[in-house]
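Student: Sharing a structure, written as C-alpha cells. Questions coming.
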Amino acid sequence: MFGEEELVKIHKDRATLLSYIITAAFGLVLSRLWYLQVYKGETLHNYSIQNRLRKEVVWAPRGLIYSRDDQLIVDNIPRFDAILTPQFLMEKEGALNKLAKILSMEPTAIQAILKKNSNQATYRPIIVKKNITFDELAKIETQNADLPGISVDTFISREYRDKEIGAHLLGYISEISQTQLPKLRERDRMDYRLGDFIGQFGIEEQLDRYLRGENGHEFVEVDARGRRKRYINTDNLFKGIEDEKPISGMNVKLTIDRDMQVAAFNALEGKVGGVIAIDIDSGEVLTMVSRPSFDPSQFSRGLSPEYWRSLVTNKEHPLRDRNIQEHFSPGSTFKALTGIAAFEEGEIDENTEVFCTGKWSFGRRSYHCWKKEGHGATNLVKAIRESCNVYFQKAANRMPIDALAKYAKAFGLGARTGISLPREVAGLIPTSEWKKKRLGQEWQPGETLSCAIGQSYVLASTIQLATAYAAIANGGKIYRPFVVKDVFDTNGDLVKTYTPELLSKIEMKNPKTLKFIREGLFQVVNNPKGTAWYRRGQGILMAGKTGTSQVKGASADKVHQKCELMDYESRHHGLFVGFAPYDNPKIAAAVIVEHGCHGSSAAAPVAEAVITQYMKKYHPDMYLQNLEKDKTIKDNWIKSLRATAPAAGGAHGEE
Amino acid sequence: MSQRLLEFLKRYDFSFIGSMSAIFLVGILNLYSATHSQSHEGLDSLYKSQLIWFGVAVGVAVAISFLNPKTFERFSYVGYIVTLFLVFLVMLMGKVGMGAQRWLVLGPIRMQPSEFMKMGLVLAMSRFFTRVSPEKELGFKDLIFPGIIVMVPAIMVIAQPDLGTGMLLLFIFSMMIFYKRLKWNTIATLGIIALVSGVLMYNFGLKEYQRKRIHTFIDPYQDAKGSGYNAIQSEIAIGSGRLFGKGFKNSSQASLNYLPENHTDFVFAIFNEEHGFFGSVFLIILYIVFFMRLIWLATSVQRFYDSILVIGIMSIFFWHAFINMAMVSGLLPIVGIPLPLMSYGGSSMLTFGVGVGMATSISNTRNFFN
C-alpha cells in the first residue's frame with residue numbers, strides 16, 4: 001500500500017511526459033506561425049494591405065413561376081447599378097464629375113451619397129445609382145480607364161409581369177433585415193446572411209425553399225485600382241478556396257389561370273375587394289385577386305420610401321389580402337347553409353311555407369326583412385331566390401344554434417381551409433359553448449336569428465365561402481384549396497406535384513336537401529324574381545347567392561335607408577358566392593366588394609366576369625350550349641312579361 | 001499584526017494570480033485594439049466589461065484560495081451534478097426555443113453552463129480517481145465509470161449543438177486518465193480504435209451531404225459552403241504580421257472588419273497581425289510558464305486529490321489555448337473555442353478564476369503546513 005505522498009510521486013513520470021507534450025504542442029503552433037509569418041509572410045502581407053482577396057456571392061437565379069396555362073408570370077431580369085468603391089477612388093473631383101455627367105446626376109448628389117456611407121469600410125462598394133440604362137452602362141464600361149473605383153454591378157431583379165395583378169397571391173421577395181435575421185435563422189435553421197433575399201409574402205414566402213436555390217461564391221482578386229479578376233489558386237496558399245457555382249431555384253407551376261386573373265382584376269376596377277374561384281372537383285384555386293393592390297417588383301430591390309409610404313398611408317390598405325387574410329359577416333350568402341341545416345334536421349322541407357309580413361317580432365325585438373312590404377307566402381326556393389330574412393330566421397328558430405353551427409362547420413366555415421398560403425384567417429361559427437367560454441354568457445335565442453342570416457358573430461372569408469358553395473355544387477365534397485400544381489427543377493423534371501386533397505365527404509341525410517338549395521341558388525340568378533337576375537351573364541348558367549355584410553350594426557330605423565346615401569365608411573359590403581354551370585358544375589367563385597352596398601350590383605358582375613372567362617377557355621362547347629339555354633330562359637321571361645300585367649319585374653334590391 | 005500579515009503574504013502563493021494577470025494584461029490590450037474601431041457595431045466598449053469580468057474572476061480566485069482543498073474534494077460530486085443540471089436546463093430551454101442554445105439567461109446575467117461543466121467534470125474525475133483504485137495503472141475496465149461521468153455531459157453539450165466544447169470535455173478527460181497512469185497498451189488500443197473508426201465513419205459511413213451536414217452541425221452559422229473564408233482571412237492576418245507585426249492598433253484585417261469574430265475566437269489572429277512572430281513567442285511563453293508552474297505544483301503536493309485536480313485544471317486551459325491557436329492558424333478546423341484570458345467572454349474568465357483560486361489554495365496549504 002502506498003502512502004499519499006508516494007502516490008503523487010509515482011505519477012511524476014506522467015507529469016514529465018505531460019510537460020513534454022505541452023511544449024511540443026506549442027512548438028507545433030509556433031512552427032505553423034513561422035511558416036505563415038516568415039516563409040509566407042511577404043505574400044500574405046501583400047494580401048492584407050490591399051485586401052486583395054475577396055469572396056463574392058454569386059446569386060442563384062430564383063425559380064420562375066408559371067400559371068396553369070403555362071404563361072410565365074414571375075421572371076428574373078438583369079438590372080444594373082453604378083457602384084463606387086472609395087478605396088480605389090483617385091482624382092476624386094474629376095472622376096466624380098465624369099460619373100455625374102454620365103448618370104445625369106448633380107456631382108453634389110454623389111458627394112452626399114459618399115458622405116452618407118463614410119462610416120463604412122472603404123473597400124465596400126457604394127451604390128451610386130440603381131437601375132441604370134444600357135446607355136449609361138455602356139458609357140461606364142468604355143470610360144473605365146478614366147473612372148478608377150467605379151464599376152457596374154449586375155443584379156437579377158424579380159419581375160412580376162402582371163404588376164399588381166395577383167400580387168397578394170404571388171407575394172414578393174426582399175432583403176432580410178437586421179431584425180429579421182436571427183428570427184429567420186432560428187425558424188429555418190439556415191445560414192442566412194444580411195442582404196440575402198427571401199420570399200416574404202404569398203407564394204414567394206410559402207415556396208421559398210424551392211424557389212430560392214443556393215447561392216454560390218467566387219474568389220476575386222482586386223488590384224490597386226479596384227479592378228477585379230478571378231483568383232487562381234496557383235501557390236496552394238490557402239485551403240478550401242474553391243469557387244462554387246450557384247444552384248438555380250426550382251420553377252413552380254400554379255393552379256392559377258393567368259387570363260382569369262386579368263379578367264378578375266379588370267372586373268374589380270375601381271372597387272375595393274377580392275375574388276377567388278376554385279375548381280369544385282379538386283380544390284385548385286383558379287383565380288385569386290384582391291384590389292387595391294401593389295407592385296411586388298418594387299420590393300425586390302430596395303423599396304423606395306415614397307412607394308412604401310403610398311402603400312401604408314392608403315386608407316384602402318393595398319397590402320391587405322381580401323381573400324384569405326380577411327373575414328367578414330357573410331350576410332345572406334350564409335342563408336344557403338341555414339337552409340341546409342334546417343332541411344337536414346327535418347325542420348323544413350321544400351313545401352314548408354312561412355308568411356313574411358316584412359318583419360317578425362321576436363321577444364322584445366323586431367326582426368325586419370329587407371323587403372318592407374314582405375314576401376308573403378314563402379317556401380324554401382322562393383326564400384333563397386328573394387333572400388327572405390323572415391323565412392330563414394323562423395327556420396333557424398326551430399333548432400338550437402349548435403345544430404346550425406354543425407352544418408356550417410361541416411361545409412368548411414369557421415376554420416382555416418389549410419390552403420398553403422401564409423396568414424390565413426379562421427373566420428368564426430359561434431356555438432353556445434363558444435359564447436360561454438369567450439363572453440361568459442348564455443346563448444340568446446335572438447342571436448340565432450341574426451346568425452341565421454349571416455350577421456352577428458358569424459365571420460367567413462371568400463375562400464371559405466367558395467369552398468362551401470363548391471361542396472353544395474359537388475354533392476358535399478370538401479377539398480382543401482391549393483394554389484401550386486407542380487414544382488420542376490431547371491431541367492424541367494418534375495420534383496413535386498400537388499394532388500387534390502379530399503378533406504371530407506358530407507353525408508346528406510336527405511337526398512333532396514342539396515337539390516332544392518341548388519334550385520333556389522339557380523333561381524337567384526335565372527329567375528326574373530331572383531336578386532341577381534340582372535347579373536346573370538351569358539353562357540355560364542350561374543347559380544349563386546347575393547349578400548350584404550353590415551359594416552356597423554345598422555339600427556332599426558336605418559334598415560331601409562338607401563345604402564348609396566350613407567357615407568362611404570358605413571356602407572355595407574356587397575357579396576356574391578356562386579357556382580357554374582348549374583346543370584354540370586365546374587367552378588365556384590366568391591366575391592367581396594367592400595362598401596359595395598349590394599351583392600347583386602357590386603359583387604355578382606365580378607364573379608360573372610371570372611366565370612365567363614373560365615367557361616370560354618376551358619369548356620367552350622358547354623359555353624355554346626349554355627348560350628342556347630340562356631336564350632330559352634330569356635324568351636320564356638319575355639313571353640311571361642307579355643302574358644301578365646306590365647307591373648311584373650325583377651327584384652332589384654335585396655334584404 | 002503587521003508581522004503576521006507579512007508572514008501571510010510571504011507564504012501566500014501569488015504566482016498563479018500573477019501569471020493570470022500577466023496574460024490578461026496582454027489580452028485586454030489586444031481586445032481593445034481589436035474592437036476600438038467598431039463603434040458602429042457597439043463593440044468598442046467590450047474591453048470595459050472584460051475588465052469588470054477580470055475583477056470578478058480575481059475576486060473569485062482570491063476567495064477560493066482561502067478555502068481548504070479538502071472542501072473541494074468534499075463538494076466534487078455536488079459541483080459536477082450542479083453544472084450537469086445547468087447544462088441539462090439549457091438543453092431543455094433549447095428544445096423549447098427550437099434552436100441552438102448555449103446560454104442560460106438569469107435576469108441580466110447570461111451564462112454558458114457548458115463552460116462551467118469543464119470544471120465540474122475535472123472535480124468529479126479527481127474525486128473518483130482518489131477513492132477508487134488509487135495506486136494501480138488503469139485498464140479498460142477502470143474506464144467504465146469515468147467514461148459515464150464524461151459521456152453524459154459530452155453528449156448533452158454536443159446536442160446543443162456545440163461539438164467544440166463536447167470534444168474539449170473528452171480531451172480534458174483523456175489528459176487526466178493519462179496522468180492517472182493509463183496503461184500504454186490501453187492508450188495505443190484506444191488511439192487506434194478512435195482513429196480507425198473516425199476515418200471509416202467519415203469516409204465510408206457517411207454520404208457527401210451528411211458530411212456537409214456535419215460541418216454545418218459543428219457550427220451552423222459558420223460558412224456552410226465550406227470555403228473556409230474565415231480561416232483564410234485569419235491566415236492572412238497572421239501572416240501579414242511577419243516577424244515584428246504592424247504595431248498596436250494597426251491591424252487592418254480587424255479594423256476593416258474582415259474577421260467575423262475578431263473579439264472572441266479570432267483574437268489570436270489580431271495579436272499576431274499586430275505583434276508578429278516575436279509577439280506570439282512572448283505570449284506562448286507566458287502560457288507555458290503558467291502550465292509548467294501548475295505541473296510542478298501537481299508533483300509537489302502530498303495528497304493525490306490535489307495533484308490530479310491541478311492537472312485537470314491545467315488540462316482545461318491547455319486545450320483551450322492549444323485548440324484556439326491551432327484553429328486560428330489553420331492547423332485545425334474552425335470550432336468555436338475561445339483563447340483563455342484573451343478572448344472576450346465572462347463565463348470562461350470565471351472558470352479561469354475558479355481554477356486559479358483552487359491552485360493557489362492547494363499551493364498555500366502546502367506552504368503553510370510544511
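Each chain in the C-alpha cells gets a letter, A, B, ..., in the order shown, and its residues are numbered from 1; ligands are numbered from 1 in order too.
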Among segment 380-552 of chain A, which ones does DSSP assign to alpha helix (DSSP H) (computed from the backbone)? Answer as a PyMOL selection string.

Tutor: chain A and resi 380-386+389-397+401-410+432-439+445-452+462-474+513-526

Student: Write out as a compact mmCIF listing (two decimals) with N, CA and C atoms, in the first residue's frame the residues lying within 7 Å of segment 164-167 of chain A, counting only C-alpha atoms and excluding same-chain residues fewer than 3 positions away.

Tutor:
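The resulting file, result.txt, is reproduced below:
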# COMPACT_ATOMS: atom_id res chain seq x y z
N LEU A 170 -49.02 36.09 -55.15
CA LEU A 170 -47.63 35.81 -55.50
C LEU A 170 -46.67 36.24 -54.40
N GLY A 171 -47.01 37.34 -53.74
CA GLY A 171 -46.13 37.84 -52.70
C GLY A 171 -44.96 38.58 -53.30
N GLN A 261 -57.10 35.68 -64.07
CA GLN A 261 -56.57 36.71 -63.16
C GLN A 261 -56.80 38.10 -63.75
N VAL A 262 -56.49 38.22 -65.03
CA VAL A 262 -56.65 39.52 -65.69
C VAL A 262 -58.11 39.93 -65.70
N PHE A 265 -59.13 40.97 -62.24
CA PHE A 265 -58.53 42.26 -61.88
C PHE A 265 -59.30 43.40 -62.56
N MET A 288 -57.32 34.26 -57.87
CA MET A 288 -57.30 34.85 -56.54
C MET A 288 -56.76 36.26 -56.71
N VAL A 289 -57.63 37.21 -56.64
CA VAL A 289 -57.23 38.60 -56.89
C VAL A 289 -57.83 39.49 -55.82
N SER A 290 -57.06 40.44 -55.39
CA SER A 290 -57.52 41.38 -54.39
C SER A 290 -57.14 42.78 -54.84
N SER A 293 -54.16 46.92 -55.00
CA SER A 293 -53.03 46.02 -54.92
C SER A 293 -51.73 46.82 -54.93
N PHE A 294 -50.63 46.13 -55.09
CA PHE A 294 -49.32 46.78 -55.11
C PHE A 294 -48.46 46.09 -56.15
N ASP A 295 -47.35 46.70 -56.49
CA ASP A 295 -46.46 46.11 -57.48
C ASP A 295 -45.31 45.40 -56.78
N PRO A 296 -45.31 44.07 -56.75
CA PRO A 296 -44.28 43.35 -55.97
C PRO A 296 -42.87 43.58 -56.51

Student: Which residue gives the smallest distance to chain B among A:Ser31, A:Thr417, A:Ser461, A:Ser48, with only C-alpha atoms counted?

Tutor: A:Ser48

Student: If we count only C-alpha atoms, what is near His275 of chain B at a cut-off of 6 Å, once residues fewer than 2 positions away on the same chain are taken out, given as an MDAnalysis selection string?

Tutor: chainID B and resid 244:245 247 271:273 279
